Amino acid sequence: MMRGINRHGADAAGLGLHTVLVPILAACGALTAAFSPPATAALLVLLLLGLCGWSSRRLAGLVRQSESERRLLDEQLLQSQKLAAVGELSSGIAHEINNPLAIVSQEAELVRTLLENRGGLSPELAESLHEIAVQVDRGRDITRRLLDFSRKMKPVAQFEALDKIIEDMVVLVEKEAGLKEARVARRYDRNLPLVLIDVPLLRQAVINLLTNALDAIPHGGTITVATGSAGPGKVCISVADNGPGVAAEDLPRIFNPFFTTKPPGKGTGLGLSICHNIVERMGGKILVKSEPGQGAVFTVVLPVKGESA
Amino acid sequence: MSERIRILIVDDEERFRSTLIKLLSSRGMQAAAAGSGEEALELLEGQAFDVILLDVKMPGMGGVKALPRIKELRPEAEVLVLTGHASVDIASEMIRNGAADYLLKPCPLDELLDGVRAAFDRSRTRKLASGLA
């Protein structure tokens, strides 16, 4: 999953070998063969053929690999541009929706006040007015999340132990998990360096991943939370569940705002997109791997030394 | 607590203003409304209020521009920003410019009333302290 990170140095060395060293060797070999006895020449030619064949196969491999890495980067860039655009749009929508929501909630309050002044509210009416308030709250929750999603605050970084941040959130989610007969397994790498990170932001991202995992196993299961190194200067957090997994056609859309597979009213489809947004803002990456029936693994790769690393 | 709280609602949504006036009046407060920053300033020239509920985005003069002028005209009044526009930048700018709080629409009536009463208490204390009351 972490292909394409820190490989460019190796690629450059490989290119030098194939474009400079091998042609020089081939030329020298051909010259030597020209002035050698036929048996030695034949052997040399066979050797050179082998060398050139190997080299061209390696070159073709490198080209293919860099092509697929470029495509991966393009996709990631497209995804973040798309999310940025949707972020702008959604914050605009959230602001606009808050005004009518405020009016709806006030009208309900007014109806309640008027009816109470006129000698009372039947239980049915009271219940109905209460439901209006509940649904306004629901709308309000969605607009708040949308605004969180598009907020452009600069992260405020401090040095903190990754497993400490994660453990705080795991403990929170574990209470809820207990009710569903789900358990959380920890695989923390205790040798990780402290990371320079915006703690509240990372907490938000981690809790979103944990709730997402918990929602994937409504009838119980295991969530595995792990930390580890992800190459020089990078650490990773992974949250895995053993739920039903994500359908292949849903994978490319999983970080899109409002994309959800949950029934109406159960999920806003914003949790993972907020998570994606936060991780990007911290200079990291978030990846998902899932096979139907095999659960899902979300991996967050973060720079140890904050955003600019 | 026999003193009636005088509230000015500054908001461009007509229905929001009229219903809020009714709700606040039914709770014993004395409410008036303005549809923009200009209208609010005009009203404030001739009338004093204890608490001002100020929206941010309005046609004409918005809340950000109106706030310093309101505070200049009526420094004793407490201004609560009440808006659907949740921006940390705008909120911190308005608090810096003298707003007492930043409430987000839709704000449950109880929360709004708590905010208004707390603002009123502060404004009264301030008036007492400066010997105006």
# chains A, B, ... in the order shown; residues from 1 in each chain; ligands from 1

$ select_by_dssp --residues "stretch 23-110 of chain B" --states "helix (DSSP H, G or I)" --output "ChimeraX atom specification"
/B:23-26,37-46,63-73,88-96,109-110

$ select_by_dssp --residues "chain B" --states "strand (DSSP E or B)" --output "VMD selection string"
chain B and resid 6 to 10 30 to 34 51 to 54 78 to 83 101 to 104

$ write_last_selection --atoms "N, CA and C atoms" --output "PDB file, in the first residue's frame"
ATOM      1  N   ARG B   6     -34.514  44.994  27.248  1.00  0.00           N
ATOM      2  CA  ARG B   6     -34.787  45.589  25.930  1.00  0.00           C
ATOM      3  C   ARG B   6     -33.824  44.981  24.910  1.00  0.00           C
ATOM      4  N   ILE B   7     -34.415  44.348  23.899  1.00  0.00           N
ATOM      5  CA  ILE B   7     -33.593  43.627  22.910  1.00  0.00           C
ATOM      6  C   ILE B   7     -33.809  44.174  21.513  1.00  0.00           C
ATOM      7  N   LEU B   8     -32.734  44.321  20.786  1.00  0.00           N
ATOM      8  CA  LEU B   8     -32.842  44.676  19.370  1.00  0.00           C
ATOM      9  C   LEU B   8     -32.352  43.489  18.532  1.00  0.00           C
ATOM     10  N   ILE B   9     -33.212  43.032  17.617  1.00  0.00           N
ATOM     11  CA  ILE B   9     -32.840  41.922  16.731  1.00  0.00           C
ATOM     12  C   ILE B   9     -32.431  42.522  15.389  1.00  0.00           C
ATOM     13  N   VAL B  10     -31.206  42.271  14.966  1.00  0.00           N
ATOM     14  CA  VAL B  10     -30.767  42.779  13.662  1.00  0.00           C
ATOM     15  C   VAL B  10     -30.548  41.577  12.753  1.00  0.00           C
ATOM     16  N   GLN B  30     -38.786  43.165  25.975  1.00  0.00           N
ATOM     17  CA  GLN B  30     -39.278  44.202  25.078  1.00  0.00           C
ATOM     18  C   GLN B  30     -38.395  44.164  23.840  1.00  0.00           C
ATOM     19  N   ALA B  31     -38.959  43.669  22.717  1.00  0.00           N
ATOM     20  CA  ALA B  31     -38.106  43.435  21.557  1.00  0.00           C
ATOM     21  C   ALA B  31     -38.464  44.344  20.388  1.00  0.00           C
ATOM     22  N   ALA B  32     -37.445  44.768  19.667  1.00  0.00           N
ATOM     23  CA  ALA B  32     -37.629  45.516  18.435  1.00  0.00           C
ATOM     24  C   ALA B  32     -36.699  44.891  17.394  1.00  0.00           C
ATOM     25  N   ALA B  33     -36.868  45.272  16.111  1.00  0.00           N
ATOM     26  CA  ALA B  33     -36.047  44.631  15.099  1.00  0.00           C
ATOM     27  C   ALA B  33     -35.622  45.591  14.003  1.00  0.00           C
ATOM     28  N   ALA B  34     -34.482  45.246  13.384  1.00  0.00           N
ATOM     29  CA  ALA B  34     -33.980  45.993  12.236  1.00  0.00           C
ATOM     30  C   ALA B  34     -33.500  44.990  11.190  1.00  0.00           C
ATOM     31  N   VAL B  51     -29.566  44.498  25.089  1.00  0.00           N
ATOM     32  CA  VAL B  51     -28.922  43.408  24.348  1.00  0.00           C
ATOM     33  C   VAL B  51     -29.243  43.552  22.864  1.00  0.00           C
ATOM     34  N   ILE B  52     -28.235  43.347  22.029  1.00  0.00           N
ATOM     35  CA  ILE B  52     -28.451  43.408  20.583  1.00  0.00           C
ATOM     36  C   ILE B  52     -28.059  42.069  19.975  1.00  0.00           C
ATOM     37  N   LEU B  53     -29.008  41.439  19.256  1.00  0.00           N
ATOM     38  CA  LEU B  53     -28.707  40.193  18.546  1.00  0.00           C
ATOM     39  C   LEU B  53     -28.354  40.569  17.114  1.00  0.00           C
ATOM     40  N   LEU B  54     -27.143  40.287  16.710  1.00  0.00           N
ATOM     41  CA  LEU B  54     -26.660  40.795  15.427  1.00  0.00           C
ATOM     42  C   LEU B  54     -26.309  39.669  14.463  1.00  0.00           C
ATOM     43  N   GLU B  78     -24.911  45.084  25.207  1.00  0.00           N
ATOM     44  CA  GLU B  78     -24.189  43.829  24.962  1.00  0.00           C
ATOM     45  C   GLU B  78     -24.591  43.303  23.585  1.00  0.00           C
ATOM     46  N   VAL B  79     -23.612  42.985  22.752  1.00  0.00           N
ATOM     47  CA  VAL B  79     -23.934  42.483  21.423  1.00  0.00           C
ATOM     48  C   VAL B  79     -23.674  40.970  21.366  1.00  0.00           C
ATOM     49  N   LEU B  80     -24.722  40.216  21.007  1.00  0.00           N
ATOM     50  CA  LEU B  80     -24.551  38.782  20.786  1.00  0.00           C
ATOM     51  C   LEU B  80     -24.666  38.535  19.290  1.00  0.00           C
ATOM     52  N   VAL B  81     -23.671  37.910  18.716  1.00  0.00           N
ATOM     53  CA  VAL B  81     -23.764  37.592  17.294  1.00  0.00           C
ATOM     54  C   VAL B  81     -24.610  36.329  17.176  1.00  0.00           C
ATOM     55  N   LEU B  82     -25.628  36.381  16.320  1.00  0.00           N
ATOM     56  CA  LEU B  82     -26.506  35.220  16.112  1.00  0.00           C
ATOM     57  C   LEU B  82     -26.587  35.006  14.608  1.00  0.00           C
ATOM     58  N   THR B  83     -25.918  33.973  14.133  1.00  0.00           N
ATOM     59  CA  THR B  83     -25.788  33.835  12.689  1.00  0.00           C
ATOM     60  C   THR B  83     -25.732  32.383  12.253  1.00  0.00           C
ATOM     61  N   ASP B 101     -20.652  37.371  22.609  1.00  0.00           N
ATOM     62  CA  ASP B 101     -20.736  35.934  22.341  1.00  0.00           C
ATOM     63  C   ASP B 101     -21.089  35.716  20.873  1.00  0.00           C
ATOM     64  N   TYR B 102     -20.917  34.481  20.438  1.00  0.00           N
ATOM     65  CA  TYR B 102     -21.169  34.140  19.046  1.00  0.00           C
ATOM     66  C   TYR B 102     -22.070  32.916  19.045  1.00  0.00           C
ATOM     67  N   LEU B 103     -23.364  33.104  18.754  1.00  0.00           N
ATOM     68  CA  LEU B 103     -24.306  31.979  18.776  1.00  0.00           C
ATOM     69  C   LEU B 103     -24.606  31.552  17.347  1.00  0.00           C
ATOM     70  N   LEU B 104     -24.709  30.239  17.188  1.00  0.00           N
ATOM     71  CA  LEU B 104     -24.913  29.714  15.849  1.00  0.00           C
ATOM     72  C   LEU B 104     -26.372  29.330  15.627  1.00  0.00           C
TER      73      LEU B 104
END

$ interface_residues --of "chain A" --to "chain B" --cutoff "12 Å" --atoms "only C-alpha atoms" --output "count of residues only"
49

$ atom_distance --atom1 "atom CA of B:Glu72" --atom2 "atom CA of B:Gly98"
10.0 Å

$ atom_distance --atom1 "atom CA of B:Glu45" --atom2 "atom CA of B:Ser130"
20.7 Å

$ closest_residue --among "A:Leu44, A:Ile207, A:Val199, A:Val225" --to "A:Arg186" --atoms "only C-alpha atoms"
A:Val225

$ residues_around --residues "A:Arg187" --least-positions-apart "4" --cutoff "8 Å" --atoms "only C-alpha atoms" --output "count of residues only"
4

$ closest_residue --among "A:His130, A:His219, A:Arg281, A:His276" --to "A:Gly306" --atoms "only C-alpha atoms"
A:Arg281

$ residues_around --residues "B:Lys65" --least-positions-apart "6" --cutoff "10 Å" --atoms "only C-alpha atoms" --output "MDAnalysis selection string"
chainID B and resid 37:38 56 94 97

$ write_last_selection --atoms "all heavy atoms" --output "compact mmCIF listing (two decimals), in the first residue's frame"
# COMPACT_ATOMS: atom_id res chain seq x y z
N GLY B 37 -27.69 46.59 9.04
CA GLY B 37 -26.82 47.37 9.90
C GLY B 37 -27.25 48.84 9.93
O GLY B 37 -27.31 49.46 11.01
N GLU B 38 -27.57 49.39 8.74
CA GLU B 38 -27.97 50.79 8.68
C GLU B 38 -29.21 51.05 9.52
O GLU B 38 -29.27 52.01 10.31
CB GLU B 38 -28.29 51.21 7.23
CG GLU B 38 -27.09 51.32 6.31
CD GLU B 38 -26.88 50.06 5.50
OE1 GLU B 38 -27.38 48.99 5.92
OE2 GLU B 38 -26.21 50.13 4.45
N VAL B 56 -24.66 38.29 10.79
CA VAL B 56 -23.42 38.66 10.10
C VAL B 56 -23.68 39.08 8.66
O VAL B 56 -23.34 40.18 8.23
CB VAL B 56 -22.41 37.49 10.13
CG1 VAL B 56 -21.19 37.80 9.27
CG2 VAL B 56 -21.97 37.20 11.56
N MET B 94 -15.18 39.42 15.43
CA MET B 94 -16.30 40.11 16.07
C MET B 94 -16.13 40.15 17.59
O MET B 94 -16.51 41.13 18.23
CB MET B 94 -17.63 39.48 15.64
CG MET B 94 -17.83 39.72 14.15
SD MET B 94 -19.46 39.31 13.54
CE MET B 94 -20.42 40.75 13.97
N ASN B 97 -13.89 42.83 18.31
CA ASN B 97 -14.51 44.15 18.15
C ASN B 97 -15.61 44.42 19.15
O ASN B 97 -16.39 45.34 18.97
CB ASN B 97 -15.06 44.30 16.73
CG ASN B 97 -13.95 44.58 15.73
OD1 ASN B 97 -12.90 45.08 16.11
ND2 ASN B 97 -14.18 44.25 14.48

$ atom_distance --atom1 "atom CA of B:Ser25" --atom2 "atom CA of B:Arg117"
13.7 Å

$ closest_residue --among "B:Pro68, B:Ala91, B:Asp11, B:Pro75" --to "B:Asp55" --atoms "only C-alpha atoms"
B:Asp11
